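Student: If it helps, the file is called work_29.pdb and holds PDB, C-alpha atoms:
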ATOM      1  CA  MET R   1     -12.747  11.357   4.067  1.00  0.00           C
ATOM      2  CA  PRO R   2     -16.293  10.156   3.662  1.00  0.00           C
ATOM      3  CA  GLN R   3     -17.756   8.063   6.416  1.00  0.00           C
ATOM      4  CA  ALA R   4     -19.934   5.138   5.339  1.00  0.00           C
ATOM      5  CA  LYS R   5     -23.098   4.487   7.305  1.00  0.00           C
ATOM      6  CA  VAL R   6     -23.145   1.431   9.531  1.00  0.00           C
ATOM      7  CA  LYS R   7     -25.804  -0.958   8.211  1.00  0.00           C
ATOM      8  CA  LYS R   8     -27.906  -3.366  10.204  1.00  0.00           C
ATOM      9  CA  GLY R   9     -25.891  -6.451  11.134  1.00  0.00           C
ATOM     10  CA  GLN R  10     -22.635  -4.524  11.275  1.00  0.00           C
ATOM     11  CA  GLU R  11     -20.817  -3.571  14.403  1.00  0.00           C
ATOM     12  CA  LYS R  12     -19.330  -0.246  15.165  1.00  0.00           C
ATOM     13  CA  ALA R  13     -15.543  -0.475  15.092  1.00  0.00           C
ATOM     14  CA  GLU R  14     -14.995   1.332  18.378  1.00  0.00           C
ATOM     15  CA  LYS R  15     -12.232  -0.843  19.834  1.00  0.00           C
ATOM     16  CA  THR R  16     -10.672  -2.132  16.625  1.00  0.00           C
ATOM     17  CA  GLY R  17      -8.282   0.658  15.744  1.00  0.00           C
ATOM     18  CA  PHE R  18      -9.996   1.456  12.449  1.00  0.00           C
ATOM     19  CA  ASP R  19     -13.487   2.655  11.717  1.00  0.00           C
ATOM     20  CA  VAL R  20     -15.850   2.278   8.807  1.00  0.00           C
ATOM     21  CA  GLY R  21     -14.770   4.795   6.161  1.00  0.00           C
ATOM     22  CA  ASP R  22     -11.080   4.757   7.127  1.00  0.00           C
ATOM     23  CA  TYR R  23      -8.469   4.290   4.427  1.00  0.00           C
ATOM     24  CA  VAL R  24      -5.779   1.741   5.253  1.00  0.00           C
ATOM     25  CA  VAL R  25      -2.851   0.091   3.492  1.00  0.00           C
ATOM     26  CA  TYR R  26      -2.889  -3.658   2.956  1.00  0.00           C
ATOM     27  CA  PRO R  27       0.708  -4.741   2.169  1.00  0.00           C
ATOM     28  CA  MET R  28       1.200  -5.989  -1.415  1.00  0.00           C
ATOM     29  CA  HIS R  29      -2.352  -4.926  -2.342  1.00  0.00           C
ATOM     30  CA  GLY R  30      -2.373  -1.184  -1.674  1.00  0.00           C
ATOM     31  CA  VAL R  31      -4.869   1.284  -0.312  1.00  0.00           C
ATOM     32  CA  GLY R  32      -8.333   0.174   0.634  1.00  0.00           C
ATOM     33  CA  GLN R  33     -11.314   1.591   2.442  1.00  0.00           C
ATOM     34  CA  ILE R  34     -13.027  -0.121   5.341  1.00  0.00           C
ATOM     35  CA  ASN R  35     -16.663  -0.466   4.353  1.00  0.00           C
ATOM     36  CA  ALA R  36     -17.828  -2.492   7.321  1.00  0.00           C
ATOM     37  CA  VAL R  37     -16.825  -4.251  10.510  1.00  0.00           C
ATOM     38  CA  GLN R  38     -18.877  -7.417  10.844  1.00  0.00           C
ATOM     39  CA  LYS R  39     -18.918 -10.704  12.689  1.00  0.00           C
ATOM     40  CA  GLN R  40     -18.189 -13.510  10.240  1.00  0.00           C
ATOM     41  CA  ASP R  41     -18.267 -17.253  10.746  1.00  0.00           C
ATOM     42  CA  ILE R  42     -14.667 -18.427  10.210  1.00  0.00           C
ATOM     43  CA  LEU R  43     -13.952 -22.092  10.885  1.00  0.00           C
ATOM     44  CA  GLY R  44     -17.037 -22.314  13.071  1.00  0.00           C
ATOM     45  CA  LYS R  45     -16.058 -19.332  15.196  1.00  0.00           C
ATOM     46  CA  LYS R  46     -17.661 -15.881  15.130  1.00  0.00           C
ATOM     47  CA  THR R  47     -14.848 -13.457  14.295  1.00  0.00           C
ATOM     48  CA  ARG R  48     -14.958  -9.680  13.946  1.00  0.00           C
ATOM     49  CA  CYS R  49     -13.656  -8.727  10.494  1.00  0.00           C
ATOM     50  CA  TYR R  50     -12.892  -5.608   8.511  1.00  0.00           C
ATOM     51  CA  ILE R  51     -14.552  -5.640   5.110  1.00  0.00           C
ATOM     52  CA  LEU R  52     -12.091  -3.791   2.914  1.00  0.00           C
ATOM     53  CA  ASP R  53     -12.409  -2.595  -0.688  1.00  0.00           C
ATOM     54  CA  ILE R  54      -9.025  -2.357  -2.420  1.00  0.00           C
ATOM     55  CA  SER R  55      -9.493   0.456  -4.916  1.00  0.00           C
ATOM     56  CA  ALA R  56      -6.673  -0.372  -7.375  1.00  0.00           C
ATOM     57  CA  SER R  57      -7.660  -4.017  -7.956  1.00  0.00           C
ATOM     58  CA  LYS R  58     -11.417  -3.712  -7.268  1.00  0.00           C
ATOM     59  CA  MET R  59     -10.892  -6.515  -4.759  1.00  0.00           C
ATOM     60  CA  LYS R  60     -13.038  -7.038  -1.644  1.00  0.00           C
ATOM     61  CA  VAL R  61     -11.103  -8.454   1.318  1.00  0.00           C
ATOM     62  CA  MET R  62     -12.188  -9.730   4.711  1.00  0.00           C
ATOM     63  CA  ILE R  63      -9.546  -9.361   7.436  1.00  0.00           C
ATOM     64  CA  PRO R  64     -10.025 -10.567  11.017  1.00  0.00           C
ATOM     65  CA  VAL R  65      -9.709  -7.538  13.313  1.00  0.00           C
ATOM     66  CA  ASP R  66      -7.416  -9.419  15.709  1.00  0.00           C
ATOM     67  CA  LYS R  67      -5.038 -10.307  12.844  1.00  0.00           C
ATOM     68  CA  ALA R  68      -4.943  -6.888  11.160  1.00  0.00           C
ATOM     69  CA  GLU R  69      -1.752  -5.766  12.923  1.00  0.00           C
ATOM     70  CA  THR R  70       0.011  -9.088  12.207  1.00  0.00           C
ATOM     71  CA  ILE R  71      -0.975  -8.871   8.534  1.00  0.00           C
ATOM     72  CA  GLY R  72       0.458  -5.356   8.463  1.00  0.00           C
ATOM     73  CA  ILE R  73      -2.704  -3.321   7.972  1.00  0.00           C
ATOM     74  CA  ARG R  74      -1.792   0.285   8.746  1.00  0.00           C
ATOM     75  CA  PRO R  75      -3.259   3.763   8.300  1.00  0.00           C
ATOM     76  CA  ILE R  76      -2.200   5.670   5.192  1.00  0.00           C
ATOM     77  CA  ILE R  77       0.563   8.213   5.647  1.00  0.00           C
ATOM     78  CA  LYS R  78      -0.322  11.711   6.753  1.00  0.00           C
ATOM     79  CA  LYS R  79      -0.316  14.513   4.204  1.00  0.00           C
ATOM     80  CA  LYS R  80       2.810  16.032   5.789  1.00  0.00           C
ATOM     81  CA  ASP R  81       4.726  12.730   5.383  1.00  0.00           C
ATOM     82  CA  VAL R  82       4.253  12.701   1.598  1.00  0.00           C
ATOM     83  CA  LYS R  83       7.192  15.126   1.322  1.00  0.00           C
ATOM     84  CA  LYS R  84       9.439  12.581   3.104  1.00  0.00           C
ATOM     85  CA  VAL R  85       8.446   9.935   0.542  1.00  0.00           C
ATOM     86  CA  LEU R  86       9.117  12.322  -2.351  1.00  0.00           C
ATOM     87  CA  ASP R  87      12.487  13.283  -0.836  1.00  0.00           C
ATOM     88  CA  LEU R  88      13.398   9.594  -0.581  1.00  0.00           C
ATOM     89  CA  LEU R  89      12.487   9.136  -4.265  1.00  0.00           C
ATOM     90  CA  LYS R  90      14.834  12.016  -5.178  1.00  0.00           C
ATOM     91  CA  LYS R  91      17.886  10.478  -3.496  1.00  0.00           C
ATOM     92  CA  ASP R  92      20.628   9.059  -5.688  1.00  0.00           C
ATOM     93  CA  GLU R  93      21.126   5.933  -3.604  1.00  0.00           C
ATOM     94  CA  MET R  94      20.711   2.685  -5.465  1.00  0.00           C
ATOM     95  CA  ASP R  95      20.719  -1.017  -4.656  1.00  0.00           C
ATOM     96  CA  THR R  96      24.158  -2.240  -5.714  1.00  0.00           C
ATOM     97  CA  GLU R  97      23.340  -5.951  -5.548  1.00  0.00           C
ATOM     98  CA  GLU R  98      24.313  -7.379  -8.950  1.00  0.00           C
ATOM     99  CA  ASP R  99      22.717 -10.828  -8.613  1.00  0.00           C
ATOM    100  CA  TRP R 100      19.185 -10.116  -9.835  1.00  0.00           C
ATOM    101  CA  LYS R 101      17.693 -13.036  -7.872  1.00  0.00           C
ATOM    102  CA  ILE R 102      18.997 -11.693  -4.563  1.00  0.00           C
ATOM    103  CA  ARG R 103      18.033  -8.139  -5.552  1.00  0.00           C
ATOM    104  CA  TYR R 104      14.525  -9.318  -6.515  1.00  0.00           C
ATOM    105  CA  GLN R 105      14.107 -11.164  -3.201  1.00  0.00           C
ATOM    106  CA  ASN R 106      15.316  -8.120  -1.214  1.00  0.00           C
ATOM    107  CA  ASN R 107      12.905  -5.867  -3.093  1.00  0.00           C
ATOM    108  CA  MET R 108      10.019  -8.312  -2.659  1.00  0.00           C
ATOM    109  CA  THR R 109      10.661  -8.395   1.097  1.00  0.00           C
ATOM    110  CA  LYS R 110      10.539  -4.586   1.202  1.00  0.00           C
ATOM    111  CA  ILE R 111       7.246  -4.484  -0.692  1.00  0.00           C
ATOM    112  CA  LYS R 112       5.717  -7.199   1.507  1.00  0.00           C
ATOM    113  CA  SER R 113       6.610  -5.128   4.590  1.00  0.00           C
ATOM    114  CA  GLY R 114       3.977  -2.596   3.548  1.00  0.00           C
ATOM    115  CA  ASP R 115       6.216   0.233   4.777  1.00  0.00           C
ATOM    116  CA  ILE R 116       5.740   3.179   2.394  1.00  0.00           C
ATOM    117  CA  TYR R 117       9.398   4.208   2.675  1.00  0.00           C
ATOM    118  CA  SER R 118      10.654   0.705   1.815  1.00  0.00           C
ATOM    119  CA  VAL R 119       8.245   0.477  -1.116  1.00  0.00           C
ATOM    120  CA  ALA R 120       9.338   3.932  -2.338  1.00  0.00           C
ATOM    121  CA  GLU R 121      12.957   2.774  -2.079  1.00  0.00           C
ATOM    122  CA  VAL R 122      12.199  -0.200  -4.347  1.00  0.00           C
ATOM    123  CA  CYS R 123      10.421   2.101  -6.794  1.00  0.00           C
ATOM    124  CA  ARG R 124      13.382   4.508  -6.896  1.00  0.00           C
ATOM    125  CA  ASN R 125      16.065   1.815  -7.140  1.00  0.00           C
ATOM    126  CA  LEU R 126      14.370  -0.093  -9.939  1.00  0.00           C
ATOM    127  CA  TYR R 127      13.597   3.118 -11.837  1.00  0.00           C
ATOM    128  CA  LYS R 128      17.262   4.135 -11.679  1.00  0.00           C
ATOM    129  CA  ARG R 129      18.465   0.649 -12.594  1.00  0.00           C
ATOM    130  CA  ALA R 130      16.133   0.657 -15.618  1.00  0.00           C
ATOM    131  CA  ARG R 131      17.834   3.831 -16.912  1.00  0.00           C
ATOM    132  CA  ASP R 132      21.171   1.981 -17.085  1.00  0.00           C
ATOM    133  CA  LYS R 133      20.108  -1.576 -17.920  1.00  0.00           C
ATOM    134  CA  GLU R 134      16.952  -3.245 -19.081  1.00  0.00           C
ATOM    135  CA  LEU R 135      15.019  -4.801 -16.209  1.00  0.00           C
ATOM    136  CA  SER R 136      13.958  -8.424 -16.336  1.00  0.00           C
ATOM    137  CA  LEU R 137      10.229  -9.016 -16.737  1.00  0.00           C
ATOM    138  CA  MET R 138       9.918  -9.887 -13.025  1.00  0.00           C
ATOM    139  CA  GLU R 139      11.737  -6.724 -11.934  1.00  0.00           C
ATOM    140  CA  ARG R 140       9.655  -4.609 -14.329  1.00  0.00           C
ATOM    141  CA  ARG R 141       6.490  -6.003 -12.706  1.00  0.00           C
ATOM    142  CA  LEU R 142       7.947  -5.352  -9.261  1.00  0.00           C
ATOM    143  CA  TYR R 143       8.707  -1.748 -10.270  1.00  0.00           C
ATOM    144  CA  GLU R 144       5.150  -1.258 -11.565  1.00  0.00           C
ATOM    145  CA  SER R 145       3.755  -2.726  -8.363  1.00  0.00           C
ATOM    146  CA  ALA R 146       5.899  -0.455  -6.154  1.00  0.00           C
ATOM    147  CA  TYR R 147       5.047   2.570  -8.322  1.00  0.00           C
ATOM    148  CA  ASN R 148       1.310   1.842  -8.054  1.00  0.00           C
ATOM    149  CA  LEU R 149       1.461   1.218  -4.304  1.00  0.00           C
ATOM    150  CA  VAL R 150       3.264   4.518  -3.676  1.00  0.00           C
ATOM    151  CA  SER R 151       1.082   6.547  -6.039  1.00  0.00           C
ATOM    152  CA  SER R 152      -2.196   5.166  -4.641  1.00  0.00           C
ATOM    153  CA  GLU R 153      -1.177   6.034  -1.093  1.00  0.00           C
ATOM    154  CA  ILE R 154      -0.026   9.526  -2.073  1.00  0.00           C
ATOM    155  CA  ALA R 155      -3.265  10.072  -4.023  1.00  0.00           C
ATOM    156  CA  ILE R 156      -5.459   9.265  -1.011  1.00  0.00           C
ATOM    157  CA  SER R 157      -3.212  11.119   1.437  1.00  0.00           C
ATOM    158  CA  ARG R 158      -3.084  14.302  -0.643  1.00  0.00           C
ATOM    159  CA  GLU R 159      -6.665  13.894  -1.882  1.00  0.00           C
ATOM    160  CA  ILE R 160      -5.599  14.006  -5.534  1.00  0.00           C
ATOM    161  CA  SER R 161      -6.227  11.676  -8.480  1.00  0.00           C
ATOM    162  CA  MET R 162      -4.062   8.622  -9.163  1.00  0.00           C
ATOM    163  CA  GLU R 163      -2.930  10.327 -12.364  1.00  0.00           C
ATOM    164  CA  GLU R 164      -1.789  13.432 -10.483  1.00  0.00           C
ATOM    165  CA  ALA R 165       0.045  11.281  -7.914  1.00  0.00           C
ATOM    166  CA  GLY R 166       1.681   9.271 -10.701  1.00  0.00           C
ATOM    167  CA  ASN R 167       2.772  12.467 -12.454  1.00  0.00           C
ATOM    168  CA  LEU R 168       4.228  13.750  -9.192  1.00  0.00           C
ATOM    169  CA  ILE R 169       6.259  10.558  -8.689  1.00  0.00           C
ATOM    170  CA  SER R 170       7.436  10.485 -12.322  1.00  0.00           C
ATOM    171  CA  GLU R 171       8.513  14.106 -12.060  1.00  0.00           C
ATOM    172  CA  VAL R 172      10.509  13.438  -8.894  1.00  0.00           C
ATOM    173  CA  LEU R 173      12.157  10.301 -10.309  1.00  0.00           C
ATOM    174  CA  SER R 174      13.274  11.912 -13.581  1.00  0.00           C
TER     175      SER R 174
END
Now, as a test, write the supplied structure out as structure tokens.

Tutor:
Amino acid sequence: MPQAKVKKGQEKAEKTGFDVGDYVVYPMHGVGQINAVQKQDILGKKTRCYILDISASKMKVMIPVDKAETIGIRPIIKKKDVKKVLDLLKKDEMDTEEDWKIRYQNNMTKIKSGDIYSVAEVCRNLYKRARDKELSLMERRLYESAYNLVSSEIAISREISMEEAGNLISEVLS
């Protein structure tokens, strides 16, 4: 993965856990790349922050280094773990909760966790539910979100395009 150069005014991220150029997952938003680690003035206090570009939404995010773990920022999965995600997508298990409001809330909680396996579970369950019954608009959006989160992480991990990752997921789900 390409390493960005540290510009003047930026600090090296030696003790932060992540370095400039690292790809990380920001729960609910997806994969992003750390472009800088800088001191920012937040509420009158100098705070070290990751400057993160979220590729899928073209969003730029500033995350205080000391809050990154609490927020759920984590490294992307290793290439070898992609198979575990794909195996989970293949399973026949499905969420049996009939009340869509409870099901939606459970799925939203899983996506907010940022855990790739929980997000993949939501993707699989909603895909399978959609084969039997039409999903509500909110659940369809949740499915699309889970699908995009999983495919973006697989794409970066396997160093393939988003389209290739999407095709891989669609193939496994069908």

Student: Which distance in Å separates CA of Val31 in chain R and CA of Ser57 in chain R, to one decimal?

Tutor: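 These atoms are spaced 9.7 Å apart.
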
Student: Name the closest residue to Asp95 in chain R among the candidates R:Ala36, R:Ile76, R:Val82, R:Val122; distances are taken between atoms, counting only C-alpha atoms.

Tutor: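 Nearest candidate to Asp95 in chain R out of R:Ala36, R:Ile76, R:Val82, R:Val122: R:Val122.
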
Student: For this structure, which residues satisfy the selection - the PyMOL selection byres ((chain R and resi 128-145) around 12) - when it is evaluated on the file as given? I want them as a short mmCIF file (atom, residue, chain, number, x, y, z; two decimals) with C-alpha atoms, in the frame of the given file.

Tutor:
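Result file follows (expr-v3.cif):
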data_model
loop_
_atom_site.label_atom_id
_atom_site.label_comp_id
_atom_site.auth_asym_id
_atom_site.auth_seq_id
_atom_site.Cartn_x
_atom_site.Cartn_y
_atom_site.Cartn_z
CA PRO R 27 0.71 -4.74 2.17
CA MET R 28 1.20 -5.99 -1.42
CA HIS R 29 -2.35 -4.93 -2.34
CA GLY R 30 -2.37 -1.18 -1.67
CA ALA R 56 -6.67 -0.37 -7.38
CA SER R 57 -7.66 -4.02 -7.96
CA LEU R 89 12.49 9.14 -4.26
CA LYS R 90 14.83 12.02 -5.18
CA LYS R 91 17.89 10.48 -3.50
CA ASP R 92 20.63 9.06 -5.69
CA GLU R 93 21.13 5.93 -3.60
CA MET R 94 20.71 2.68 -5.46
CA ASP R 95 20.72 -1.02 -4.66
CA THR R 96 24.16 -2.24 -5.71
CA GLU R 97 23.34 -5.95 -5.55
CA GLU R 98 24.31 -7.38 -8.95
CA ASP R 99 22.72 -10.83 -8.61
CA TRP R 100 19.18 -10.12 -9.84
CA LYS R 101 17.69 -13.04 -7.87
CA ILE R 102 19.00 -11.69 -4.56
CA ARG R 103 18.03 -8.14 -5.55
CA TYR R 104 14.52 -9.32 -6.52
CA GLN R 105 14.11 -11.16 -3.20
CA ASN R 106 15.32 -8.12 -1.21
CA ASN R 107 12.90 -5.87 -3.09
CA MET R 108 10.02 -8.31 -2.66
CA THR R 109 10.66 -8.40 1.10
CA LYS R 110 10.54 -4.59 1.20
CA ILE R 111 7.25 -4.48 -0.69
CA LYS R 112 5.72 -7.20 1.51
CA GLY R 114 3.98 -2.60 3.55
CA VAL R 119 8.24 0.48 -1.12
CA ALA R 120 9.34 3.93 -2.34
CA GLU R 121 12.96 2.77 -2.08
CA VAL R 122 12.20 -0.20 -4.35
CA CYS R 123 10.42 2.10 -6.79
CA ARG R 124 13.38 4.51 -6.90
CA ASN R 125 16.07 1.82 -7.14
CA LEU R 126 14.37 -0.09 -9.94
CA TYR R 127 13.60 3.12 -11.84
CA ALA R 146 5.90 -0.46 -6.15
CA TYR R 147 5.05 2.57 -8.32
CA ASN R 148 1.31 1.84 -8.05
CA LEU R 149 1.46 1.22 -4.30
CA VAL R 150 3.26 4.52 -3.68
CA SER R 151 1.08 6.55 -6.04
CA SER R 152 -2.20 5.17 -4.64
CA GLY R 166 1.68 9.27 -10.70
CA SER R 170 7.44 10.48 -12.32
CA VAL R 172 10.51 13.44 -8.89
CA LEU R 173 12.16 10.30 -10.31
CA SER R 174 13.27 11.91 -13.58
#

Student: Report the distance between CA of Leu52 in chain R and CA of Val24 in chain R in Å, rounded to one decimal place.

Tutor: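 Between CA of Leu52 in chain R and CA of Val24 in chain R the gap works out to 8.7 Å.
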
Student: Counting all atoms listed in the file, which of R:Ile160, R:Ala68, R:Val20, R:Leu88 gets nearest to Tyr117 in chain R?

Tutor: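 Comparing R:Ile160, R:Ala68, R:Val20, R:Leu88 against Tyr117 in chain R, the winner is R:Leu88.
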
Student: Could you tell me how far CA of Val25 in chain R sits from CA of Ile116 in chain R, in Å to one decimal place?

Tutor: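 It comes out at 9.2 Å.
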
Student: Just so the selection is clear, what residues does the PyMOL selection byres ((chain R and resi 65) around 8) cover here, as a ChimeraX atom specification?

Tutor: /R:16,47-50,63-64,66-68
